[in-house]
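S.K.: What follows is final25.csv, CSV, C-alpha atoms.
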chain,number,residue,atom,x,y,z
A,1,MET,CA,-3.9,4.9,-21.6
A,2,SER,CA,-2.3,3.4,-18.5
A,3,ARG,CA,-0.1,0.5,-19.3
A,4,PRO,CA,-0.2,-2.6,-17.1
A,5,TYR,CA,2.7,-3.5,-15.0
A,6,ARG,CA,3.7,-6.5,-12.9
A,7,SER,CA,4.5,-6.8,-9.3
A,8,PRO,CA,6.4,-9.4,-7.3
A,9,GLU,CA,4.4,-12.0,-5.4
A,10,SER,CA,1.8,-10.7,-2.9
A,11,PHE,CA,3.7,-11.5,0.3
A,12,ASN,CA,6.4,-8.9,-0.5
A,13,VAL,CA,4.4,-6.1,1.1
A,14,ASN,CA,3.8,-4.1,-2.1
A,15,ARG,CA,2.6,-0.9,-0.4
A,16,ARG,CA,1.0,0.5,-3.6
A,17,GLN,CA,-0.8,-2.6,-4.9
A,18,VAL,CA,-0.8,-5.4,-2.4
A,19,ARG,CA,-0.8,-5.3,1.4
A,20,ALA,CA,0.0,-8.6,3.1
A,21,ILE,CA,2.1,-9.9,6.0
A,22,ALA,CA,5.6,-10.2,4.8
A,23,TRP,CA,6.8,-13.8,4.9
A,24,THR,CA,9.2,-15.7,2.6
A,25,ILE,CA,11.0,-18.9,2.9
A,26,GLY,CA,14.0,-18.4,0.6
A,27,LEU,CA,17.1,-20.5,0.4
A,28,MET,CA,20.5,-19.6,-0.9
A,29,ALA,CA,19.1,-16.2,-1.9
A,30,ALA,CA,22.5,-14.7,-2.2
A,31,VAL,CA,23.6,-17.2,-4.9
A,32,ALA,CA,23.6,-15.6,-8.3
A,33,GLY,CA,20.7,-16.4,-10.4
A,34,CYS,CA,18.5,-17.6,-7.6
A,35,SER,CA,15.2,-15.7,-7.2
A,36,PRO,CA,13.1,-17.4,-4.6
A,37,ALA,CA,9.4,-17.0,-4.4
A,38,GLY,CA,8.4,-14.0,-2.4
A,39,ASP,CA,11.6,-12.0,-3.0
A,40,THR,CA,11.8,-8.5,-1.6
A,41,GLN,CA,12.6,-6.5,-4.7
A,42,ALA,CA,10.6,-3.3,-5.0
A,43,PRO,CA,7.6,-3.5,-7.4
A,44,ALA,CA,8.3,-2.0,-10.7
A,45,ALA,CA,7.2,-2.1,-14.4
A,46,ASP,CA,10.3,-4.1,-15.3
A,47,ALA,CA,9.7,-6.9,-12.7
A,48,LYS,CA,10.3,-10.1,-14.5
A,49,GLU,CA,7.3,-12.4,-15.3
A,50,ALA,CA,7.7,-15.8,-13.8
A,51,VAL,CA,6.9,-18.9,-15.8
A,52,SER,CA,4.5,-20.9,-13.7
A,53,THR,CA,2.4,-24.0,-13.8
A,54,PRO,CA,-0.5,-24.1,-11.4
A,55,ALA,CA,-1.3,-27.4,-9.8
A,56,SER,CA,-4.6,-29.0,-11.0
A,57,MET,CA,-6.2,-28.5,-7.7
A,58,SER,CA,-7.7,-25.1,-7.0
A,59,GLY,CA,-8.0,-23.8,-3.4
A,60,ALA,CA,-10.0,-20.8,-4.2
A,61,GLY,CA,-13.7,-20.9,-3.1
A,62,GLU,CA,-16.6,-18.6,-3.9
A,63,THR,CA,-16.1,-14.9,-4.3
A,64,ASN,CA,-18.5,-12.5,-2.7
A,65,GLY,CA,-18.8,-9.7,-5.1
A,66,THR,CA,-17.5,-9.3,-8.7
A,67,ASP,CA,-13.9,-10.3,-8.8
A,68,CYS,CA,-11.6,-7.4,-9.7
A,69,ILE,CA,-8.3,-9.2,-9.7
A,70,ILE,CA,-6.5,-9.6,-13.0
A,71,ARG,CA,-3.6,-12.1,-13.1
A,72,ASP,CA,-1.2,-13.2,-15.8
A,73,ALA,CA,-0.6,-16.8,-16.9
A,74,SER,CA,1.9,-17.3,-14.0
A,75,GLY,CA,-0.7,-16.3,-11.4
A,76,ARG,CA,0.9,-13.0,-10.6
A,77,GLN,CA,-1.4,-10.0,-10.4
A,78,ILE,CA,-1.3,-7.1,-12.9
A,79,TRP,CA,-2.2,-3.5,-12.0
A,80,PHE,CA,-3.1,-0.6,-14.3
A,81,GLY,CA,-2.2,2.9,-13.3
A,82,GLU,CA,-1.8,4.1,-9.8
A,83,ALA,CA,-3.9,3.8,-6.6
A,84,ASN,CA,-5.6,6.9,-5.3
A,85,PRO,CA,-5.5,7.8,-1.6
A,86,ARG,CA,-9.0,6.6,-0.9
A,87,VAL,CA,-8.5,3.1,-2.3
A,88,SER,CA,-5.1,2.9,-0.5
A,89,ALA,CA,-6.9,3.7,2.8
A,90,LEU,CA,-9.4,1.0,2.1
A,91,GLY,CA,-6.5,-1.5,1.5
A,92,ASN,CA,-4.9,-0.4,4.8
A,93,ALA,CA,-8.1,-0.8,6.7
A,94,LEU,CA,-8.6,-4.3,5.4
A,95,GLN,CA,-5.0,-5.2,5.9
A,96,ALA,CA,-5.3,-4.2,9.6
A,97,ILE,CA,-8.0,-6.9,9.9
A,98,ALA,CA,-5.7,-9.5,8.1
A,99,ASP,CA,-2.8,-8.6,10.3
A,100,GLU,CA,-4.9,-9.1,13.5
A,101,HIS,CA,-6.4,-12.4,12.2
A,102,ASN,CA,-3.6,-14.1,10.3
A,103,ASP,CA,-5.1,-17.4,11.5
A,104,GLN,CA,-8.1,-16.7,9.3
A,105,THR,CA,-6.6,-14.7,6.4
A,106,THR,CA,-3.7,-14.6,3.9
A,107,GLY,CA,-3.7,-11.0,3.0
A,108,VAL,CA,-5.3,-8.1,0.9
A,109,ALA,CA,-4.9,-7.1,-2.7
A,110,LEU,CA,-6.0,-3.9,-4.3
A,111,CYS,CA,-8.1,-4.4,-7.4
A,112,SER,CA,-6.2,-4.4,-10.7
A,113,HIS,CA,-7.9,-1.2,-11.8
A,114,TYR,CA,-8.1,0.2,-8.2
A,115,GLU,CA,-11.9,0.0,-8.0
A,116,GLY,CA,-11.6,-1.5,-4.6
A,117,ALA,CA,-9.8,-4.3,-2.8
A,118,ALA,CA,-10.1,-8.1,-2.0
A,119,ILE,CA,-9.4,-9.7,1.3
A,120,TYR,CA,-8.5,-13.5,1.3
A,121,VAL,CA,-10.0,-15.5,4.1
A,122,VAL,CA,-10.5,-19.1,5.3
A,123,SER,CA,-13.5,-19.9,7.5
A,124,PRO,CA,-13.7,-16.4,8.9
A,125,SER,CA,-15.2,-15.9,12.4
A,126,ASP,CA,-18.2,-13.6,13.0
A,127,ASP,CA,-15.7,-11.1,14.4
A,128,VAL,CA,-13.8,-11.0,11.1
A,129,ARG,CA,-17.0,-10.8,9.0
A,130,GLN,CA,-18.2,-7.9,11.1
A,131,SER,CA,-14.9,-6.1,10.9
A,132,ILE,CA,-14.9,-6.5,7.1
A,133,ALA,CA,-18.5,-5.3,7.0
A,134,GLY,CA,-17.6,-2.3,9.1
A,135,VAL,CA,-14.8,-1.3,6.7
A,136,THR,CA,-17.1,-1.9,3.7
A,137,SER,CA,-19.7,0.5,5.1
A,138,LYS,CA,-17.1,3.3,5.2
A,139,TYR,CA,-16.3,3.0,1.5
A,140,PRO,CA,-19.6,2.6,-0.2
A,141,ASP,CA,-18.1,3.8,-3.5
A,142,LEU,CA,-15.5,1.1,-3.6
A,143,GLN,CA,-15.7,-2.7,-4.1
A,144,VAL,CA,-14.8,-4.9,-1.1
A,145,ILE,CA,-14.5,-8.6,-2.1
A,146,THR,CA,-14.1,-11.5,0.3
A,147,ARG,CA,-12.4,-14.4,-1.4
A,148,THR,CA,-12.3,-17.9,0.3
A,149,VAL,CA,-8.9,-19.6,0.2
A,150,ALA,CA,-7.6,-23.0,1.3
A,151,ALA,CA,-5.5,-22.1,4.3
A,152,SER,CA,-4.5,-19.2,6.4
A,153,LEU,CA,-1.1,-17.5,6.6
A,154,SER,CA,-0.4,-18.9,10.1
A,155,ARG,CA,-1.1,-22.4,8.7
A,156,LEU,CA,1.0,-22.0,5.6
A,157,VAL,CA,4.1,-20.8,7.4
A,158,PRO,CA,4.8,-24.0,9.4
A,159,VAL,CA,3.8,-26.2,6.4
A,160,GLY,CA,6.3,-24.4,4.2
A,161,THR,CA,9.0,-24.6,6.9
A,162,LYS,CA,8.6,-28.3,7.3
A,163,LEU,CA,8.5,-28.9,3.6
A,164,LEU,CA,11.9,-27.3,3.3
A,165,GLN,CA,13.3,-29.7,5.9
A,166,VAL,CA,12.3,-32.8,3.9
A,167,PRO,CA,15.6,-34.3,2.5
A,168,GLU,CA,14.1,-35.7,-0.7
A,169,MET,CA,12.7,-32.2,-1.6
A,170,LYS,CA,16.1,-30.5,-1.6
A,171,GLY,CA,17.0,-31.4,-5.2
A,172,LEU,CA,13.7,-30.0,-6.6
A,173,PHE,CA,13.3,-26.4,-5.6
A,174,VAL,CA,15.2,-23.4,-4.3
A,175,GLY,CA,12.6,-21.6,-2.3
A,176,LEU,CA,8.9,-21.1,-1.6
A,177,GLY,CA,6.3,-18.8,-0.2
A,178,PRO,CA,2.6,-18.5,0.5
A,179,ASP,CA,0.3,-17.8,-2.4
A,180,MET,CA,-2.2,-15.3,-1.0
A,181,TYR,CA,-4.7,-15.8,-3.8
A,182,SER,CA,-5.2,-19.5,-3.3
A,183,GLY,CA,-4.2,-20.1,0.3
A,184,GLY,CA,-1.5,-22.5,-1.0
A,185,LEU,CA,2.2,-22.4,-1.7
A,186,ARG,CA,4.2,-21.0,-4.6
A,187,ILE,CA,7.3,-23.1,-5.2
A,188,THR,CA,10.4,-21.9,-7.0
A,189,VAL,CA,11.8,-24.8,-9.0
A,190,ARG,CA,15.5,-25.4,-9.8
A,191,GLN,CA,16.4,-24.5,-13.3
A,192,ASP,CA,17.7,-27.9,-14.0
A,193,LYS,CA,14.5,-29.5,-12.8
A,194,TRP,CA,12.2,-27.2,-14.9
A,195,PRO,CA,9.6,-28.0,-15.9
A,196,LEU,CA,8.9,-30.5,-13.1
A,197,SER,CA,7.7,-33.9,-14.1
A,198,GLU,CA,4.3,-35.0,-13.1
A,199,ASN,CA,5.9,-37.6,-10.8
A,200,ASP,CA,7.9,-34.8,-9.0
A,201,LYS,CA,4.7,-32.8,-8.7
A,202,ARG,CA,3.0,-35.8,-7.1
A,203,ARG,CA,5.9,-36.3,-4.7
A,204,ILE,CA,5.7,-32.7,-3.5
A,205,SER,CA,1.9,-32.8,-3.3
A,206,ASP,CA,2.0,-36.0,-1.3
A,207,VAL,CA,4.6,-34.5,1.2
A,208,VAL,CA,2.5,-31.3,1.6
A,209,GLU,CA,-0.6,-33.4,2.3
A,210,ALA,CA,1.3,-35.5,4.8
A,211,ILE,CA,2.5,-32.3,6.6
A,212,ASN,CA,-0.8,-30.4,6.4
A,213,GLY,CA,-3.2,-33.2,6.8
A,214,SER,CA,-4.9,-32.3,3.5
A,215,ARG,CA,-3.9,-31.1,0.0
A,216,LEU,CA,-3.0,-27.5,-0.7
A,217,PRO,CA,-3.0,-25.6,-4.0
A,218,LEU,CA,0.5,-25.6,-5.3
A,219,THR,CA,1.9,-23.3,-8.0
A,220,TYR,CA,5.4,-23.8,-9.6
A,221,GLU,CA,7.7,-21.2,-11.1
A,222,GLN,CA,11.1,-21.4,-12.6
A,223,GLY,CA,14.0,-20.3,-10.4
A,224,GLY,CA,17.8,-20.3,-10.2
A,225,THR,CA,20.2,-23.2,-9.7
A,226,ALA,CA,21.0,-22.8,-6.0
A,227,VAL,CA,21.0,-26.1,-4.0
A,228,LEU,CA,19.2,-26.4,-0.7
A,229,ASP,CA,21.3,-27.4,2.2
The structure in this file should be written as structure tokens.
M.R.:
Amino acid sequence: MSRPYRSPESFNVNRRQVRAIAWTIGLMAAVAGCSPAGDTQAPAADAKEAVSTPASMSGAGETNGTDCIIRDASGRQIWFGEANPRVSALGNALQAIADEHNDQTTGVALCSHYEGAAIYVVSPSDDVRQSIAGVTSKYPDLQVITRTVAASLSRLVPVGTKLLQVPEMKGLFVGLGPDMYSGGLRITVRQDKWPLSENDKRRISDVVEAINGSRLPLTYEQGGTAVLD
């Protein structure tokens, strides 16, 4: 029986499990004990599970097709076994669409049991839909799932960058990165602030809303003790 193993966050370009545009906002990453969201360690069975508290708001919309993504309590995906060349080719084909249209997508994840792949989109154009349909037609034996998320990668990057520049946020977290699965942000909280109070969560959510113009899904995980500067 294949045993499950865990991977770093999706935006780390996990070539065997998750294909997504690499982007991380990490601060003080060289400081011992600091592990910002979206770190670039290689995926492995001994990757540490993050303790995470998802925000009450969910950014995920309807799923087209049976969802094949299995995630742990922290929101990180789990895979079982290894991907075969055909499902890897499917993931690469879908990722090419995501790469070309990062204003409408957040990325691609292979199914947890490698029965197909999911592409995460927000308000896709007819061109993107047709491209996905074209890939799907070439892999009739595999699942292709289109999952709706709150915001695209090209939107999340500037929102995250601006959030890091807000002075009153600097004492709360040590890094952040996009959450491909929700189209929101995964925020790595200082150890001495973990778990965040409801008041601090509201503060962060309010700042994100002010920057973005609307609320985004936020997920929190425990990080190191580095201080933003």
S.K.: Have a look at atom CA of Gly183 of chain A and atom CA of Val159 of chain A and let me know their distance in Å, one decimal.
M.R.: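 We find that atom CA of Gly183 of chain A and atom CA of Val159 of chain A lie 11.8 Å from each other.
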S.K.: Using all atoms listed in the file, collect all residues at a distance of at most 9 Å from (-12.8, -5.2, -12.8) as written in the file, then present them as an MDAnalysis selection string.
M.R.: chainID A and resid 66:70 111:115
S.K.: Could you list, as a PyMOL selection string, every residue within 9 Å of Val128 of chain A, counting all atoms listed in the file and ignoring same-chain residues fewer than 5 positions away?
M.R.: chain A and resi 97-98+101+104+133
S.K.: Could you jot down the atom CA of Gly213 of chain A to atom CA of Leu176 of chain A separation for me, Å, one decimal place?
M.R.: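 That distance, rounded to one decimal, is 19.1 Å.
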S.K.: I'd like the interatomic distance between atom CA of Ala118 of chain A and atom CA of Arg186 of chain A, to a tenth of an Å.
M.R.: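 Computing the Euclidean distance for atom CA of Ala118 of chain A and atom CA of Arg186 of chain A yields 19.4 Å.
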